[in-house]
Every structure is written in C-alpha cells, then in structure tokens.
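**Q** Contents of entry15.json (JSON, C-alpha atoms) are given next:
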[["chain", "number", "residue", "atom", "x", "y", "z"],
["A", 127, "MET", "CA", 147.41, 104.30, 110.67],
["A", 128, "PRO", "CA", 148.81, 107.65, 109.47],
["A", 129, "ILE", "CA", 152.38, 106.45, 109.00],
["A", 130, "SER", "CA", 154.09, 106.64, 105.63],
["A", 131, "PHE", "CA", 156.45, 104.02, 104.24],
["A", 132, "ASP", "CA", 158.85, 104.59, 101.36],
["A", 133, "MET", "CA", 157.60, 101.68, 99.26],
["A", 134, "LYS", "CA", 160.46, 101.93, 96.75],
["A", 135, "LYS", "CA", 163.10, 101.47, 99.46],
["A", 136, "LEU", "CA", 160.96, 98.85, 101.14],
["A", 137, "ASP", "CA", 160.58, 96.84, 97.93],
["A", 138, "ARG", "CA", 164.32, 96.93, 97.29],
["A", 139, "LEU", "CA", 165.08, 95.74, 100.83],
["A", 140, "LEU", "CA", 162.49, 92.98, 101.10],
["A", 141, "SER", "CA", 162.97, 91.77, 97.52],
["A", 142, "ALA", "CA", 166.66, 91.33, 98.32],
["A", 143, "TYR", "CA", 165.73, 89.38, 101.43],
["A", 144, "ASN", "CA", 163.43, 87.12, 99.42],
["A", 145, "ARG", "CA", 166.15, 86.45, 96.82],
["A", 146, "CYS", "CA", 168.76, 85.65, 99.49],
["A", 147, "PHE", "CA", 166.70, 83.37, 101.70],
["A", 148, "HIS", "CA", 164.03, 82.11, 99.29],
["A", 149, "VAL", "CA", 161.17, 82.67, 101.74],
["A", 150, "THR", "CA", 158.10, 84.85, 101.58],
["A", 151, "ILE", "CA", 158.44, 88.07, 103.56],
["A", 152, "THR", "CA", 155.46, 90.23, 104.50],
["A", 153, "LEU", "CA", 155.11, 93.60, 106.21],
["A", 154, "PHE", "CA", 151.98, 94.20, 108.31],
["A", 155, "ASP", "CA", 150.91, 97.41, 110.02],
["A", 156, "HIS", "CA", 150.27, 97.60, 113.77],
["A", 157, "LYS", "CA", 146.76, 96.15, 113.28],
["A", 158, "LEU", "CA", 147.99, 93.26, 111.11],
["A", 159, "ASN", "CA", 146.78, 94.75, 107.83],
["A", 160, "GLU", "CA", 149.09, 93.65, 105.04],
["A", 161, "LEU", "CA", 151.21, 96.51, 103.66],
["A", 162, "TYR", "CA", 153.72, 94.63, 101.50],
["A", 163, "HIS", "CA", 154.25, 91.06, 100.34],
["A", 164, "ASN", "CA", 157.15, 89.53, 98.45],
["A", 165, "GLY", "CA", 157.11, 85.91, 97.37],
["A", 166, "ALA", "CA", 154.50, 83.55, 95.97],
["A", 167, "MET", "CA", 152.02, 81.70, 98.15],
["A", 168, "THR", "CA", 153.07, 78.07, 98.58],
["A", 169, "ASP", "CA", 150.85, 75.24, 97.34],
["A", 170, "TYR", "CA", 150.58, 74.11, 100.95],
["A", 171, "CYS", "CA", 149.13, 77.44, 102.09],
["A", 172, "GLY", "CA", 146.86, 77.49, 99.05],
["A", 173, "LEU", "CA", 145.32, 74.19, 100.14],
["A", 174, "ILE", "CA", 144.90, 75.43, 103.72],
["A", 175, "ARG", "CA", 143.31, 78.71, 102.69],
["A", 176, "GLN", "CA", 140.72, 77.22, 100.35],
["A", 177, "ASP", "CA", 138.33, 77.12, 103.31],
["A", 178, "GLU", "CA", 137.21, 80.43, 104.89],
["A", 179, "ASN", "CA", 137.37, 79.03, 108.41],
["A", 180, "ARG", "CA", 140.94, 77.85, 107.91],
["A", 181, "LEU", "CA", 141.82, 81.22, 106.35],
["A", 182, "GLU", "CA", 140.48, 82.92, 109.47],
["A", 183, "LEU", "CA", 142.63, 80.62, 111.58],
["A", 184, "CYS", "CA", 145.67, 81.76, 109.56],
["A", 185, "HIS", "CA", 144.87, 85.38, 110.41],
["A", 186, "GLU", "CA", 144.34, 84.53, 114.08],
["A", 187, "CYS", "CA", 147.64, 82.66, 114.17],
["A", 188, "ASP", "CA", 149.46, 85.63, 112.62],
["A", 189, "MET", "CA", 147.87, 87.97, 115.15],
["A", 190, "THR", "CA", 148.64, 85.80, 118.17],
["A", 191, "HIS", "CA", 152.33, 85.45, 117.40],
["A", 192, "ALA", "CA", 152.77, 89.03, 116.18],
["A", 193, "TYR", "CA", 151.37, 90.38, 119.42],
["A", 194, "GLU", "CA", 153.53, 87.97, 121.40],
["A", 195, "SER", "CA", 156.60, 89.32, 119.64],
["A", 196, "ARG", "CA", 155.41, 92.85, 120.39],
["A", 197, "ASP", "CA", 154.89, 92.12, 124.08],
["A", 198, "ILE", "CA", 158.35, 90.62, 124.57],
["A", 199, "ARG", "CA", 159.90, 93.02, 122.01],
["A", 200, "GLN", "CA", 161.75, 90.19, 120.27],
["A", 201, "THR", "CA", 161.68, 88.20, 117.06],
["A", 202, "ILE", "CA", 160.10, 84.79, 117.61],
["A", 203, "ILE", "CA", 160.20, 81.55, 115.62],
["A", 204, "TYR", "CA", 157.13, 79.34, 115.90],
["A", 205, "THR", "CA", 154.95, 76.64, 114.35],
["A", 206, "CYS", "CA", 151.82, 78.05, 112.72],
["A", 207, "HIS", "CA", 148.41, 76.41, 113.14],
["A", 208, "ALA", "CA", 148.96, 74.57, 109.84],
["A", 209, "GLY", "CA", 152.19, 72.95, 111.04],
["A", 210, "LEU", "CA", 154.76, 75.11, 109.23],
["A", 211, "CYS", "CA", 157.68, 77.18, 110.50],
["A", 212, "GLU", "CA", 157.45, 80.98, 110.54],
["A", 213, "ALA", "CA", 159.13, 83.93, 112.25],
["A", 214, "VAL", "CA", 157.88, 87.41, 113.08],
["A", 215, "ALA", "CA", 159.74, 90.54, 114.16],
["A", 216, "PRO", "CA", 158.09, 93.59, 115.76],
["A", 217, "VAL", "CA", 158.95, 97.00, 114.28],
["A", 218, "PHE", "CA", 159.14, 99.77, 116.87],
["A", 219, "CYS", "CA", 159.55, 103.43, 115.97],
["A", 220, "ASP", "CA", 160.05, 106.02, 118.71],
["A", 221, "ASP", "CA", 159.24, 103.20, 121.13],
["A", 222, "ILE", "CA", 155.82, 102.61, 119.50],
["A", 223, "ILE", "CA", 154.85, 99.46, 117.59],
["A", 224, "VAL", "CA", 154.24, 100.48, 113.97],
["A", 225, "ALA", "CA", 154.56, 97.24, 111.99],
["A", 226, "TYR", "CA", 155.55, 93.58, 111.89],
["A", 227, "LEU", "CA", 157.87, 91.70, 109.53],
["A", 228, "MET", "CA", 156.96, 88.04, 109.00],
["A", 229, "ILE", "CA", 158.78, 85.31, 107.10],
["A", 230, "GLY", "CA", 157.71, 81.77, 106.13],
["A", 231, "LYS", "CA", 156.72, 79.12, 105.24],
["A", 232, "PHE", "CA", 159.45, 76.50, 105.46],
["A", 233, "ARG", "CA", 160.48, 73.18, 107.01],
["A", 234, "ASP", "CA", 163.23, 72.91, 109.61],
["A", 235, "ALA", "CA", 165.72, 70.08, 109.23],
["A", 236, "GLU", "CA", 165.85, 69.35, 112.97],
["A", 237, "LYS", "CA", 162.03, 68.93, 113.03],
["A", 238, "GLU", "CA", 161.70, 71.22, 116.04],
["A", 239, "TYR", "CA", 158.91, 73.20, 114.41],
["A", 240, "THR", "CA", 157.74, 71.04, 111.51],
["A", 241, "SER", "CA", 157.50, 67.34, 110.79],
["A", 242, "GLU", "CA", 155.54, 64.86, 108.70],
["A", 243, "GLU", "CA", 153.70, 63.80, 111.86],
["A", 244, "ARG", "CA", 152.52, 67.37, 112.46],
["A", 245, "ILE", "CA", 151.19, 67.59, 108.91],
["A", 246, "ILE", "CA", 149.27, 64.34, 109.34],
["A", 247, "GLU", "CA", 147.73, 65.81, 112.50],
["A", 248, "VAL", "CA", 146.75, 68.95, 110.55],
["A", 249, "CYS", "CA", 145.13, 66.82, 107.83],
["A", 250, "ASP", "CA", 143.15, 64.87, 110.44],
["A", 251, "ARG", "CA", 142.10, 68.05, 112.22],
["A", 252, "TYR", "CA", 140.84, 69.83, 109.10],
["A", 253, "GLY", "CA", 139.77, 66.85, 106.97],
["A", 254, "LEU", "CA", 142.33, 67.53, 104.24],
["A", 255, "ASP", "CA", 143.67, 65.23, 101.52],
["A", 256, "MET", "CA", 146.79, 63.78, 103.14],
["A", 257, "VAL", "CA", 148.54, 62.87, 99.89],
["A", 258, "LYS", "CA", 148.17, 66.39, 98.44],
["A", 259, "MET", "CA", 149.18, 68.04, 101.70],
["A", 260, "LEU", "CA", 152.26, 65.88, 102.16],
["A", 261, "ASP", "CA", 153.32, 66.48, 98.55],
["A", 262, "ALA", "CA", 152.95, 70.22, 99.12],
["A", 263, "TYR", "CA", 154.80, 69.95, 102.42],
["A", 264, "TRP", "CA", 157.83, 68.18, 100.94],
["A", 265, "ALA", "CA", 157.96, 70.81, 98.19],
["A", 266, "LEU", "CA", 158.65, 73.52, 100.79],
["A", 267, "PRO", "CA", 162.25, 74.68, 101.33],
["A", 268, "GLU", "CA", 164.03, 73.01, 104.25],
["A", 269, "PHE", "CA", 166.43, 74.99, 106.45],
["A", 270, "ASP", "CA", 168.71, 73.79, 109.21],
["A", 271, "LYS", "CA", 168.99, 75.66, 112.50],
["A", 272, "SER", "CA", 171.99, 77.77, 111.50],
["A", 273, "TYR", "CA", 170.24, 78.89, 108.31],
["A", 274, "ILE", "CA", 167.09, 79.82, 110.23],
["A", 275, "ASP", "CA", 169.18, 81.72, 112.78],
["A", 276, "ASP", "CA", 170.87, 83.62, 109.93],
["A", 277, "ALA", "CA", 167.49, 84.42, 108.37],
["A", 278, "VAL", "CA", 166.22, 85.77, 111.69],
["A", 279, "LEU", "CA", 169.39, 87.80, 112.26],
["A", 280, "ILE", "CA", 169.09, 89.48, 108.86],
["A", 281, "LEU", "CA", 165.35, 89.97, 109.48],
["A", 282, "GLN", "CA", 166.24, 91.95, 112.59],
["A", 283, "SER", "CA", 168.71, 93.94, 110.52],
["A", 284, "CYS", "CA", 165.87, 94.76, 108.13],
["A", 285, "VAL", "CA", 163.91, 96.12, 111.09],
["A", 286, "SER", "CA", 166.87, 98.31, 112.06],
["A", 287, "TYR", "CA", 167.14, 99.54, 108.48],
["A", 288, "ILE", "CA", 163.45, 100.43, 108.33],
["A", 289, "VAL", "CA", 163.43, 102.48, 111.53],
["A", 290, "GLY", "CA", 166.95, 103.87, 111.19],
["A", 291, "THR", "CA", 168.18, 106.93, 109.32],
["A", 292, "ASN", "CA", 167.08, 105.58, 105.94],
["A", 293, "GLU", "CA", 163.60, 107.17, 106.21],
["A", 294, "VAL", "CA", 161.82, 104.00, 105.13],
["A", 295, "VAL", "CA", 159.15, 104.87, 107.69],
["A", 296, "ARG", "CA", 158.17, 108.38, 108.72],
["A", 297, "PHE", "CA", 156.64, 108.69, 112.14],
["A", 298, "ASN", "CA", 156.24, 111.44, 114.73],
["A", 299, "ARG", "CA", 154.70, 111.93, 118.13],
["A", 300, "PRO", "CA", 151.56, 113.80, 117.00],
["A", 301, "ILE", "CA", 150.66, 110.57, 115.21],
["A", 302, "ILE", "CA", 151.06, 108.70, 118.48],
["A", 303, "ALA", "CA", 148.56, 111.14, 119.96],
["A", 304, "SER", "CA", 146.14, 110.32, 117.14],
["A", 305, "LEU", "CA", 146.52, 106.59, 117.80],
["A", 306, "ILE", "CA", 145.96, 107.08, 121.53],
["A", 307, "SER", "CA", 142.84, 109.16, 120.92],
["A", 308, "GLU", "CA", 141.51, 106.50, 118.56],
["A", 309, "TYR", "CA", 142.22, 103.78, 121.11],
["A", 310, "ILE", "CA", 140.39, 105.67, 123.88],
["A", 311, "ASP", "CA", 137.35, 106.13, 121.62],
["A", 312, "GLU", "CA", 137.27, 102.41, 120.85],
["A", 313, "HIS", "CA", 137.66, 101.35, 124.51],
["A", 314, "ILE", "CA", 135.74, 104.14, 126.25],
["A", 315, "SER", "CA", 133.51, 101.69, 128.14],
["A", 316, "GLU", "CA", 136.54, 99.93, 129.63],
["A", 317, "LYS", "CA", 138.90, 100.92, 132.41],
["A", 318, "ILE", "CA", 141.59, 103.12, 130.87],
["A", 319, "THR", "CA", 144.53, 104.42, 132.89],
["A", 320, "ALA", "CA", 147.91, 105.95, 132.21],
["A", 321, "ASP", "CA", 149.48, 102.60, 133.03],
["A", 322, "SER", "CA", 147.24, 100.70, 130.63],
["A", 323, "LEU", "CA", 148.00, 103.19, 127.85],
["A", 324, "CYS", "CA", 151.74, 102.91, 128.53],
["A", 325, "MET", "CA", 151.48, 99.13, 128.36],
["A", 326, "HIS", "CA", 149.37, 99.07, 125.19],
["A", 327, "PHE", "CA", 151.48, 101.60, 123.26],
["A", 328, "HIS", "CA", 154.81, 100.55, 124.80],
["A", 329, "VAL", "CA", 155.76, 104.05, 125.92],
["A", 330, "ALA", "CA", 157.27, 105.30, 129.14],
["A", 331, "ARG", "CA", 155.01, 107.25, 131.50],
["A", 332, "ASN", "CA", 156.96, 110.50, 131.02],
["A", 333, "ILE", "CA", 156.60, 110.23, 127.24],
["A", 334, "LEU", "CA", 152.85, 109.61, 127.60],
["A", 335, "TYR", "CA", 152.45, 112.69, 129.80],
["A", 336, "GLU", "CA", 154.44, 114.75, 127.30],
["A", 337, "ILE", "CA", 152.22, 113.57, 124.43],
["A", 338, "PHE", "CA", 149.04, 114.56, 126.27],
["A", 339, "ASP", "CA", 150.44, 117.91, 127.35],
["A", 340, "LYS", "CA", 151.73, 118.92, 123.91],
["A", 341, "ASN", "CA", 148.91, 117.51, 121.78],
["A", 342, "PHE", "CA", 145.82, 117.76, 123.99],
["A", 343, "GLY", "CA", 146.85, 120.46, 126.45],
["A", 344, "THR", "CA", 145.66, 118.45, 129.43],
["A", 345, "THR", "CA", 146.38, 115.44, 131.58],
["A", 346, "VAL", "CA", 145.58, 111.81, 130.81],
["A", 347, "GLN", "CA", 142.82, 111.62, 133.41],
["A", 348, "LYS", "CA", 141.15, 114.89, 132.36],
["A", 349, "TYR", "CA", 141.27, 113.96, 128.68],
["A", 350, "ILE", "CA", 139.61, 110.58, 129.28],
["A", 351, "ALA", "CA", 136.99, 112.17, 131.56],
["A", 352, "GLU", "CA", 136.16, 114.75, 128.88],
["A", 353, "LYS", "CA", 135.80, 112.00, 126.27],
["A", 354, "ARG", "CA", 133.43, 110.08, 128.56],
["A", 355, "LEU", "CA", 131.40, 113.21, 129.29],
["A", 356, "ASN", "CA", 131.02, 114.14, 125.62],
["A", 357, "MET", "CA", 129.89, 110.63, 124.72],
["A", 358, "ALA", "CA", 127.38, 110.65, 127.60],
["A", 359, "LYS", "CA", 125.98, 113.96, 126.32],
["A", 360, "GLU", "CA", 125.61, 112.51, 122.83],
["A", 361, "LEU", "CA", 123.86, 109.38, 124.08],
["A", 362, "LEU", "CA", 121.49, 111.39, 126.29],
["A", 363, "VAL", "CA", 120.34, 113.55, 123.39],
["A", 364, "SER", "CA", 120.34, 111.03, 120.54],
["A", 365, "THR", "CA", 119.01, 107.90, 122.30],
["A", 366, "THR", "CA", 116.55, 106.77, 124.95],
["A", 367, "THR", "CA", 119.16, 104.60, 126.65],
["A", 368, "PRO", "CA", 118.66, 104.42, 130.44],
["A", 369, "LEU", "CA", 121.09, 106.45, 132.55],
["A", 370, "ARG", "CA", 122.66, 103.44, 134.21],
["A", 371, "GLN", "CA", 123.41, 101.92, 130.81],
["A", 372, "ILE", "CA", 124.91, 105.20, 129.60],
["A", 373, "SER", "CA", 127.05, 105.26, 132.73],
["A", 374, "ASP", "CA", 128.37, 101.77, 131.91],
["A", 375, "ASP", "CA", 128.78, 102.44, 128.16],
["A", 376, "THR", "CA", 130.89, 105.53, 128.79],
["A", 377, "GLY", "CA", 133.16, 103.90, 131.35],
["A", 378, "PHE", "CA", 131.76, 105.43, 134.55],
["A", 379, "SER", "CA", 131.86, 102.33, 136.69],
["A", 380, "ASP", "CA", 130.14, 104.10, 139.61],
["A", 381, "TYR", "CA", 126.61, 105.23, 138.73],
["A", 382, "ASN", "CA", 126.38, 107.82, 141.52],
["A", 383, "TYR", "CA", 129.75, 109.28, 140.55],
["A", 384, "PHE", "CA", 128.50, 109.58, 136.96],
["A", 385, "ILE", "CA", 125.43, 111.56, 138.07],
["A", 386, "ASN", "CA", 127.43, 113.90, 140.31],
["A", 387, "PHE", "CA", 130.25, 114.36, 137.78],
["A", 388, "PHE", "CA", 127.82, 115.11, 134.96],
["A", 389, "LYS", "CA", 125.96, 117.71, 137.03],
["A", 390, "LYS", "CA", 129.22, 119.33, 138.15],
["A", 391, "GLU", "CA", 130.51, 119.65, 134.58],
["A", 392, "THR", "CA", 127.29, 120.69, 132.81],
["A", 393, "GLY", "CA", 125.29, 122.36, 135.56],
["A", 394, "LEU", "CA", 122.40, 119.94, 135.03],
["A", 395, "PRO", "CA", 121.60, 116.38, 136.11],
["A", 396, "PRO", "CA", 121.62, 113.94, 133.16],
["A", 397, "LEU", "CA", 117.80, 113.66, 132.84],
["A", 398, "GLN", "CA", 117.34, 117.43, 132.85],
["A", 399, "TYR", "CA", 120.15, 117.75, 130.30],
["A", 400, "ARG", "CA", 118.39, 115.22, 128.08],
["A", 401, "LYS", "CA", 115.01, 116.97, 128.39],
["A", 402, "LYS", "CA", 116.41, 120.44, 127.77],
["A", 403, "ASN", "CA", 118.50, 119.54, 124.74],
["A", 404, "ARG", "CA", 115.80, 117.40, 123.16],
["A", 405, "GLU", "CA", 113.39, 120.31, 123.40],
["A", 406, "ILE", "CA", 115.96, 122.50, 121.73]]
Written as structure tokens, how would this file's structure read?
**A**
Amino acid sequence: MPISFDMKKLDRLLSAYNRCFHVTITLFDHKLNELYHNGAMTDYCGLIRQDENRLELCHECDMTHAYESRDIRQTIIYTCHAGLCEAVAPVFCDDIIVAYLMIGKFRDAEKEYTSEERIIEVCDRYGLDMVKMLDAYWALPEFDKSYIDDAVLILQSCVSYIVGTNEVVRFNRPIIASLISEYIDEHISEKITADSLCMHFHVARNILYEIFDKNFGTTVQKYIAEKRLNMAKELLVSTTTPLRQISDDTGFSDYNYFINFFKKETGLPPLQYRKKNREI
C-alpha cells in the first residue's frame, strides 16, 4: 500500500504506550501485514505458534477481529482463538482504512475474556501440554476492567495522533484511486458497483465519484466496463479459453450482453477479434 509512515514518530509513540501499559502493541497495514511491533512475544504465544496450523489460526483471528473493528469503525476488545484478551483499533485516514493498532496479550481480572477454564479448553482443542500452558498463562499480566478501559482509551488517542496533524501517516486521494483500481483488478470476475466500492473502502458516494472523475476521467461504471473489456481482449488473444468462460471471468454475467458489448466497443465479434489479432 503506497502510504508512508514516519517510523521515528511511530516508534516514540508506540514505545511509550508499551512502557506505560506493559502490553505488546502492533501496527498492521490495511491488509494485515505487520508494519511495526513493540514488545516481546509471550511464552504463551510462543507455545501456540510452534505449530504452523495454529500460527495460521492466529493470523485468521487477527484478520477477523480487525475487519470487524473496521466495519463498525470502533475499537473492540475480544478473546483470541487461544483464549487470551486482545484489543484492536481501526485507523482511518481521509475516511479510508489504512491500518490497525492491536494490543495484547493479557488476562482480565473479571474473567470476562480469559480464564483458566478457557485455557484448559484450548489445550484440549490443540493437544497442548496443560502444565506448560497454564504456567505461561499465569505469567501474563492481569488487568482489571478499569485498566483495560484506560488502555483502550489511550489506544484510541494513539489513532488520533497518527492521523492528526502530526504527519505520522501521509495519505492522499490519488492513492485511494490506486487502491480502488487494484481492488477492481483483483475482483473483476465479481459484481462490482459504486455501492460495493463505497462499502469496501468506507467512502461516501460523492467522494467516490470525485475520485473517479479526477483520477480516471470517467465514471465508475465506464471505468469498470473498460477494465472488463481490456481483460477480455487479453484473454481472447493470449488463451484458447471459450467465450462463455471469458464472459464469466471478466464479470459479464450475461453472455449475450458480453458479445454485443464487445462488438460495439471493438467493431468485431469476440471470435473474429481473436482470429484477427492472433494472425497479426
């Protein structure tokens, strides 16, 4: 993602958070790639992550709760798949999700999110050594509800600091256009509309229209149609894929519409276009 972070300012901010609250804090980009990490991995997490399958479950758990926080645009506190307490805050810049701040792992004194019983269930589920896991669990810091609430409040303040006037993150609308174009390329075979783009990128419809007008010089519908047409041209010339499959792969749900649209835009039916350009 072509967004720049001032890592010096970021390190100062998140290191201070780690020293104050004694929890690991991690910054992920919008695709959950780790950008920054402060704090050592706990023994508990080390035992969980020794197995590749369990490590993958950790990533899936991070993704699930990060995207939930994005969708509701709020910081959430939750129990991870391994039975520990975590929190994640979405980072929006110019109304676009650009990153996530995550803190953990810890025990909560009220046992709303963590408990010895949960850890025993985790050990049974994954076939782990219960004695080692419980020892590692009790070694984790324990916070009461007010402390967790304070940690979340300051976490949200960190988000405000990052996207405020401190220039920790630099972001502009042409970059949004790049992200949208990339998304359309990756999902060209699916139904893509202005509404679905607004929902995915968390932008208002008027902002989306402005982005397309200023960066692509066209409307949402025309831009997507041009992308589909260009991909269909490429597949016709470079492959022997049947027309109906090309129609599906490029997002033309109606086969007859695909044929008529292609002929209207290129002057040739798809099969003639394929034959002519292959001969060339």
**Q** Output, as lines of an AutoDock Vina configuration file, the centre and edge lengths in Å (one decimal) of the axis-aligned box that contains all listed atoms of segment 148-164 of chain A with 3 Å of margin on each side.
**A**
center_x = 155.4
center_y = 89.9
center_z = 106.1
size_x = 23.3
size_y = 21.5
size_z = 21.3
**Q** Name the closest residue to Thr190 of chain A among the candidates A:Leu266, A:Leu158, A:Ala166, A:Leu173; distances are taken between atoms, counting all atoms listed in the file.
**A**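 When distances to Thr190 of chain A are compared using all atoms listed in the file, the smallest one comes from A:Leu158.
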**Q** Near segment 180-189 of chain A, within 8 Å and counting only C-alpha atoms, which residues show up once chain neighbours fewer than 3 positions away are dropped, as a PyMOL selection string?
**A** chain A and resi 158+174-177+192-193+206-208
**Q** If you count only C-alpha atoms, which residues fall within 12 Å of Glu360 of chain A, apart from same-chain ones fewer than 5 positions away, as a list in words?
**A**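 Here the qualifying residues turn out to be Lys353, Arg354, Leu355, Thr365, Thr366, Thr367, Ile372, Asp375, Thr376, Pro396, Tyr399, Arg400, Asn403 and Arg404 of chain A.
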**Q** Residues at most 10 Å from Asp311 of chain A, counting only C-alpha atoms, excluding those fewer than 2 positions away in the same chain, as a list in words?
**A**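 Near neighbours after the sequence-gap exclusion: Leu305, Ile306, Ser307, Glu308, Tyr309, His313, Ile314, Ser315, Ile350, Lys353, Arg354, Met357 and Thr376 of chain A.
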